[in-house]
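Scroll down for the structure; my scribbles are underneath it.
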Amino acid sequence: MTMIFGVPLMVFMGQLMLGLINGAFYALLSLGLAVIFGLLKIVNFAHGAMYMLGAFATLLGFQYLGLNYWVALLLVPLVVGGLGMVIERLILRRIAHLDHLYGLLLTFGLALIFEGTLINFFGVSGSSYPTPAALQGGMNLGFMFLPTYRAWVLVAALVVCLGTWFVIERTRLGAYLRAGTENPALMQAFGVNVPQLITLTYGFGVALAAFAGVLAAPLYPVSPTMGSSLLIVVFAVVVIGGMGSILGAVITGLAMGLIEGLTKVYYPEAANTVIFLVMILVLLLRPAGLFGKEA
Amino acid sequence: MTFNSMTFNRKTLASSIALAAATLMASGAQAQMSDDEVRIGYLADMSGTYRDLAGPGGLEALEMAVEDFGGEVNGAPIEVFSADDRNSADVGANTVREWFDTRNVDLVAGLVASSVTIAATKVIEENDGLGIVSGSAASSITNEHCTPNHIHWVYDTYPLANGTAKAVVEQGGDTWFMLTADYAFGHALEGDVTKVVEENGGEIVGTIRHPFPTSDFSSYILQAQGSGAKIVGLANAGADTVNAITTASQFGLTQSGQQLAGLLIFLNDVHAMGLEDTQNLLLTTGWYWDMDDQAREWADRYFERVGKRPTMVQAGIYSSTMHYLETVAEAGTDDPETVRAAMAERPVEDFFSRNGYIREDGRMVHDMYLARVKTPEESTGEWDLYEILATIPAEEAYRPLSESQCDLVNN
Amino acid sequence: MSTTALTPAMKLQRRASRRRNALYLVLIVIGLLAPLAIYPVFLMKVLCFALFACAFNLLLGYAGLLSFGHAAFLATGGYFTGIMLASYPGLTPELGILIGTLAAVVLGTFFGVLSIRRQGIYFAMVTLALAQMMFFFFIQAPFTGGEDGLHGVPRGELFGLISLADNLNMYYFVLAVFVIGFAIIQRTVHSPFGQVLKAIRENEPRAVSLGYNVDAYKLVAFVLSAGLAGLAGSTKTVVFQLASLTDAHWHMSGEVILMTLLGGVGTLFGPVVGAGLVVSLQTQLAQSPLGNWVSVILGLIFVVCVLSFRSGIVGEIQKMVRKNFK
C-alpha cells in the first residue's frame, strides 16, 4: 500500500475529502461573518448562536410542524435571517456609532442569552435529526465510503458561497454593498438607503449561518452548545482570510478544513488548536490576513 | 416502603446496634443530630454537558428519598439544598467548602464530573465530612484519590471496561481500535480497556486521542475504518460518544463489518440518539429501569414526577440517600465518621443495588449488568431501550482490593 | 516643605487627593472588618477576581487595548504556583505566588511582543488565539492534571510562620495582596507613564509624533497587566488549593470583560465593583432556583451594559458626581 508519511494513501485521501467538507462549513460560516464585518464592522459573536438556531429551527419544525428537510432549507434561513434583521434594527443600530468593540461585546451577550435559554428548555445532550430520505446511503469512492449527505453538504455549501460571491462582485446590489463598505457617507449622499442596506446585510449574514445550521442538523446532534465551539474556529478563519474579505473567507475556510483534516491524522490531540497556530503565523507575517487590505 | 427491605443478616444487625450503642455512650445523652437537623447538599452539573444524566432529575430523586423517609430522622428535620457546579472543579470545591463553613452540611450528594468530584472530596476530607459520589466515572476516585470521607456509589470505569470489553472479546471481537477522549478520564478508561482486552487474548491495533470536546468525528471514524480492527472502542463520554456513534452510523461503520463498543453510555444518550443509530450496541450499566419489578416500580414513581425514565445515576442517588438516612436513623447520629462506618456495616440491598456492600476504600460494589441496545423493531416504547444480557457479579465487576493503590487498604 | 503660596488649582488638587485618601482609608477599614460579617472564602474569591479585573482594566481602560486572552495569565499564574507548592512542600506560599506571577510576566512579555502591534479587533483576535494555544498546552502538559485539574495544593504557612489554613489569616493575606496590586495599578495610572498611556489611547499617531516609543509603552502596560493577572491567579490557587482549566478557558476572558464593563472601564474602582457583583451573582444564583439561568442573566447584563450603561456603575456615579458638584 502506498504510504504518505506513514499513513496509507487511502486514509490520506479520505481525510482530504473530509477536510474539504468541514472546510465548506467553515467557508459558509466565515462568509457570513465576513459580509457582516465588511459593512457593519462588527465581529458577530452571535454567529454561532444563529447557526445553532438554524439547526434547532429545523429540528423543532420537523418535530412540531412536520416540516421536511427541503422546506426547512428554504424557510429556516429566511426566518432566522428575519430575526437577525430585527436584532440589527432594535439593538445593533443603537451602537453603530460607537467603537466596534462594543458590537463584539453586545453580540457576545446575545449569544449567551440564546444559548442559555435553549439549554433550559432542551438540555445539552442534543437530539438527532434524520437524514432526508433522498440523501441516505453513500457511495464508494474507491478510497473511502462517502455518505451521500456529506457530498450534498459540500456541493450545497460551495454553490451558496459562489452564489454569494457572484452577487457581491457582479451585481448592482453587490456594488452598493461594496461601496457601502468603502464609504457609507458618500453612498448615503448618492441617495442609497444605507441603514436599510445594513439591515439587509446583517440579515443575509445571519441567514447564511442559519443555512449552515440546517445543513448541519442531520450531521451532528442538535444541541444549544453546538455553535459556541465552532464559533471560535470560524473567527480564526475570518481573521486568517482577512476580515471583511469575501473571497478570503471562502478560500481560507476550505484551506483550514484541509489543514485541520491532516492534523487529525498526524497529531489528533492538536486538531482544535492548529488553526490558531496558523492564525498567529499569518498575522505576524501579513497583519491584515491573507486576502485583506492593509488599513 | 417495600424497596428498602431490611433483609440484612443478624450479625450485621447486631454489630450495628453495638456501634450505635457505643456512639450513644461516647457522646452522652446530648442531641445526636448536629444542629438538630440533617443537612444534605446536592452538587451537580445543572446546566452543562452532564445535566441530563444527573442534574435536576437527580435532585428530584434525592427529594423523593427524603419524602419517602418521612422528611425527618428521629425527629430531626431533613434539609436539602443544591448548587450547580457548572462542571468546574473550583466552583464545586468552593461550594462544598462554603457548605461546611456556613451551613454545616452533613452529607454532600450528587457529584458528577470526575474533576469536580476529586476536588470536592478533598474538601470533604479536610472538613471531616461525608460525601456520596453517584455520577462520576473515574475509578481513581476510590483508588489513588480515595479518602475515608466519601463513598462511590453507582459505577466506575473499571466495571465498564471489565464488563463490556470482556464480553466483546469473548464474542470474538479480539482486535480493537480505541477512540479516546484526551483527558484523564479517557486515559483511565483506555488503560482499563487495554488491560482487559489483552488479558483475554485480544489486541489493541490503534489508538486515537481526540480533543475534548469534539463535534466532528468523521476523520477519526475514517481512520478507525482504515485500521481493519473488528471493534472500535469509545473511551469517551456524553456528547463525544453521541457524536462518535452518530458519525459511525453515517459512514456505514457497522455495515463494513466493524462493531462499536461504547464504554460509558447512559440511558439519556441512547434516548437522544435514537435506536436507529445505536441498535445492538453493547454496554455495561449499573442499573436499568426495566430490569425487574422492583426497579420498574420505583422508575414508575419517578416517571410520574419527572416525565422521564431515570438514568442509573438518578436511581443511585435515591438508593444512596435512602441508605444514608436509614443508617443515620439507626445509628442515632449524623456524625460523619460513625455514619460512614455504620453504612459499611449494612449490606446495600434495594431496588437499585443487588449484593451490594461498601468496601474499605469507599467503593460500593454491587452487581453490574451487560446490556444490548434494542433494535427499533424490538423496542415497544420510547424508553424501551436495553435488553439485559448478563449479570456481572459484584465480586467480579470492580477492581479487586488486592490491586488497590488506596491508602485505606492494607496491601 | 515649601512655603510658597498655593495656587487655586493646586488647592483643588490637594483637596481632591485628601478626599481620595480618606476614601481609601474607609475602604481599607471596610476590608478589614468585612470577614466579620461575610463569609471570608467568598470575600477572597471576590478580591482575587477584583485584582484580575483591575489588571485587565489597566490594559483596556488606560491603554485602550481589548485583550480577549487574559484567562491565559490567570491560569498560568495559578498552575505554576500550584505545581510549585504541591511538589515542593518546603516552599512558603508567598514564594509560590511570586513564582506564579513571574511565570505570567514571562508569558505576558512573549504575548505582548507578538500582539501589541495589532490594533482593535485584530489585537483581540491575536490574544484570543494565543490564549487558545495556552489552553491546549494546559490540557496536554503532564503536570496540570488536564481536565481533572491540579488538586491538593497546600495553603502552607506564610513566611513559614503564620498558618494560612485558617480562613481569617488567609483572608488578611489576600487582602494585603490585593491592596499591593491595586496600589501598583493606582500608582501606574497616576504616573507620567500612565499619562502617556492615556495619550496613546486617545490618539496614537499624535503620541508617535510627539516622540514617544508607543510600542514600548504598550508592551510595558501589557506585561504589567499580565503579571497582575498572574498574581490574581496565583493567589486564587493558594486560597482554593486547586488550579483548573476553567481559568484558562476563553469564557473566563469573556467574564473579566463583563466585570470590567459592568463596573466601569477606565475607572479605578469599576473593576472591583464589577467583579464583586458578577461573583456574587454567580454564587447566589447557583444556589437558587434561578441557578439554570446564570448564563442568560450574564448575557442580559452584557447587552444592557453595552446599550445604555457603557460607563459602568462607577463611571455613571462619577458622571453624576461631576455634574452635581461642579
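Chain labels A, B, ... are given in the sequence in which chains occur in the C-alpha cells; within each chain residues are numbered consecutively from 1, and ligands are likewise numbered from 1 in the order shown.
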- Compute the set of chain C residues within 6 Å of chain A, using only C-alpha atoms, and express it as a PyMOL selection string. chain C and resi 129+295-296+299+302-303
Using the selection just defined, write its residues with N, CA and C atoms as a CSV table (one decimal), in the first residue's frame.
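Just written: part.csv:
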```csv
chain,number,residue,atom,x,y,z
C,129,ALA,N,-6.3,33.9,20.1
C,129,ALA,CA,-5.6,32.8,19.5
C,129,ALA,C,-4.4,32.3,20.4
C,295,SER,N,-26.2,32.0,32.9
C,295,SER,CA,-25.6,32.5,31.7
C,295,SER,C,-26.6,33.4,31.0
C,296,VAL,N,-27.9,33.2,31.0
C,296,VAL,CA,-28.8,34.1,30.4
C,296,VAL,C,-28.7,35.5,31.1
C,299,GLY,N,-25.7,37.3,30.1
C,299,GLY,CA,-25.8,37.8,28.8
C,299,GLY,C,-26.7,39.0,28.8
C,302,PHE,N,-24.6,41.9,29.9
C,302,PHE,CA,-23.8,42.4,28.8
C,302,PHE,C,-24.5,43.3,27.9
C,303,VAL,N,-25.7,42.9,27.5
C,303,VAL,CA,-26.5,43.6,26.5
C,303,VAL,C,-26.9,45.0,27.1
```
- Any idea which chain A residues end up within 6 Å of chain B if we count only C-alpha atoms, as a VMD selection string please? chain A and resid 124 127 to 128 147 268 to 269
Write to file, as an mmCIF file, in the first residue's frame, the residues of the selection just made, with N, CA and C atoms.
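Below you can see selection22.cif, which holds the result:
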```
data_model
loop_
_atom_site.group_PDB
_atom_site.id
_atom_site.type_symbol
_atom_site.label_atom_id
_atom_site.label_comp_id
_atom_site.auth_asym_id
_atom_site.auth_seq_id
_atom_site.Cartn_x
_atom_site.Cartn_y
_atom_site.Cartn_z
ATOM 1 N N VAL A 124 -28.625 19.718 27.198
ATOM 2 C CA VAL A 124 -27.479 19.843 26.303
ATOM 3 C C VAL A 124 -27.139 18.573 25.559
ATOM 4 N N SER A 127 -30.371 16.337 20.250
ATOM 5 C CA SER A 127 -31.258 15.364 19.627
ATOM 6 C C SER A 127 -30.788 15.144 18.206
ATOM 7 N N SER A 128 -31.140 13.991 17.662
ATOM 8 C CA SER A 128 -30.711 13.733 16.295
ATOM 9 C C SER A 128 -31.843 14.066 15.333
ATOM 10 N N PRO A 147 -20.671 9.189 2.615
ATOM 11 C CA PRO A 147 -22.119 9.268 2.758
ATOM 12 C C PRO A 147 -22.668 10.333 1.803
ATOM 13 N N PRO A 268 -3.748 14.169 16.293
ATOM 14 C CA PRO A 268 -5.160 14.467 16.554
ATOM 15 C C PRO A 268 -5.391 15.333 17.790
ATOM 16 N N GLU A 269 -4.548 15.211 18.812
ATOM 17 C CA GLU A 269 -4.754 15.996 20.028
ATOM 18 C C GLU A 269 -4.793 17.491 19.722
#
```
- Message: Select, as number ranges by chain, those residues of chain C with any atom no more than 9 Å from chain B (distances computed using only C-alpha atoms).
- Response: C: 39, 41-42, 139-140, 145-152, 240-246, 283, 285-288, 291-293
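When atom CA of C:Ile184 is paired with atom CA of C:Leu261, their separation reads 21.1 Å.
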- Task: Could you give me the residues within stretch 171-240 of chain B that DSSP places in helix (DSSP H, G or I), as a PyMOL selection string?
- Result: chain B and resi 184-199+218-227+238-240
Hey, can you spit out that residue selection with C-alpha atoms as a tab-separated table (two decimals), in the first residue's frame?
```tsv
chain	number	residue	atom	x	y	z
B	184	ALA	CA	-7.64	11.89	32.48
B	185	PHE	CA	-10.98	10.08	32.43
B	186	GLY	CA	-10.49	8.93	28.83
B	187	HIS	CA	-6.93	7.79	29.51
B	188	ALA	CA	-8.05	5.86	32.58
B	189	LEU	CA	-10.81	4.14	30.66
B	190	GLU	CA	-8.46	3.39	27.77
B	191	GLY	CA	-5.96	1.89	30.22
B	192	ASP	CA	-8.60	-0.28	31.88
B	193	VAL	CA	-9.89	-1.49	28.50
B	194	THR	CA	-6.43	-2.23	27.14
B	195	LYS	CA	-5.70	-4.36	30.18
B	196	VAL	CA	-8.92	-6.32	29.89
B	197	VAL	CA	-8.62	-6.84	26.14
B	198	GLU	CA	-5.05	-8.06	26.35
B	199	GLU	CA	-5.72	-10.31	29.33
B	218	SER	CA	-15.73	11.78	10.71
B	219	SER	CA	-11.97	11.88	10.40
B	220	TYR	CA	-11.42	9.56	13.36
B	221	ILE	CA	-14.12	7.17	12.21
B	222	LEU	CA	-12.45	7.01	8.82
B	223	GLN	CA	-9.13	6.19	10.44
B	224	ALA	CA	-10.82	3.51	12.51
B	225	GLN	CA	-12.28	2.05	9.33
B	226	GLY	CA	-8.83	2.05	7.76
B	227	SER	CA	-7.34	0.18	10.72
B	238	GLY	CA	-21.55	12.32	26.90
B	239	ALA	CA	-21.73	14.40	23.76
B	240	ASP	CA	-18.46	12.96	22.40
```
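Here the DSSP assignment of strand (DSSP E or B), based on backbone atoms, applies within stretch 38-240 of chain A to Ser127, Gly138, Met139, Asn140, Phe145, Leu146, Pro147 and Val222 of chain A.
Put simply, atom CA of A:Gly142 is 23.3 Å away from atom CA of B:Leu260.
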- atom CA of A:Leu177 and atom CA of A:Ala189, how far apart in Å? 14.7 Å
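Shell of B:Arg363 at 8 Å, with only C-alpha atoms counted and residues fewer than 3 places along the chain excluded, is B:Thr142, B:Ile151, B:His152, B:Trp153, B:Ile358, B:Arg359, B:Glu360.
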Residues just named, written with N, CA and C atoms as a short mmCIF file (atom, residue, chain, number, x, y, z; two decimals), in the first residue's frame:
```
data_model
loop_
_atom_site.label_atom_id
_atom_site.label_comp_id
_atom_site.auth_asym_id
_atom_site.auth_seq_id
_atom_site.Cartn_x
_atom_site.Cartn_y
_atom_site.Cartn_z
N THR B 142 -11.92 6.04 44.06
CA THR B 142 -11.72 5.17 45.22
C THR B 142 -10.41 4.40 45.09
N ILE B 151 -17.89 7.88 49.60
CA ILE B 151 -18.30 6.58 49.09
C ILE B 151 -18.66 6.77 47.62
N HIS B 152 -18.24 5.83 46.78
CA HIS B 152 -18.53 5.91 45.35
C HIS B 152 -19.63 4.88 45.06
N TRP B 153 -20.78 5.37 44.59
CA TRP B 153 -21.96 4.51 44.64
C TRP B 153 -22.29 3.72 43.37
N ILE B 358 -20.31 -1.82 51.04
CA ILE B 358 -19.31 -0.76 50.90
C ILE B 358 -17.96 -1.27 51.39
N ARG B 359 -16.94 -1.16 50.53
CA ARG B 359 -15.62 -1.66 50.91
C ARG B 359 -14.84 -0.58 51.67
N GLU B 360 -13.69 -0.98 52.20
CA GLU B 360 -12.92 0.00 53.00
C GLU B 360 -12.36 1.14 52.15
#
```
- Hey, what's within 9 Å of stretch 192-204 of chain C if we count only C-alpha atoms and toss same-chain stuff fewer than 5 positions away? As a list of chain:residue names, please? C:Gly61, C:Tyr62, C:Ala63, C:Gly64, C:Leu65, C:Arg187, C:Ser209, C:Tyr212, C:Val214, C:Tyr217, C:Lys218, C:Ala221
- If you count only C-alpha atoms, which residues fall within 7 Å of stretch 49-54 of chain C, apart from same-chain ones fewer than 4 positions away, as a ChimeraX atom specification? /C:45,58,178,181-182,228-229,232,256,259-260,271-272,275-276
- Item | Selection: 12 Å around C:Val273, only C-alpha atoms, excl. self and same-chain fewer than 4 positions, as a list in words | Val46, Leu47, Phe49, Ala50, Leu51, Ala53, Cys54, Leu258, Met259, Thr260, Leu261, Leu262, Gly263, Gly264, Val265, Thr267, Leu268, Phe269, Leu277, Val278, Val279, Ser280, Gly312, Ile313, Val314, Gly315 and Ile317 of chain C
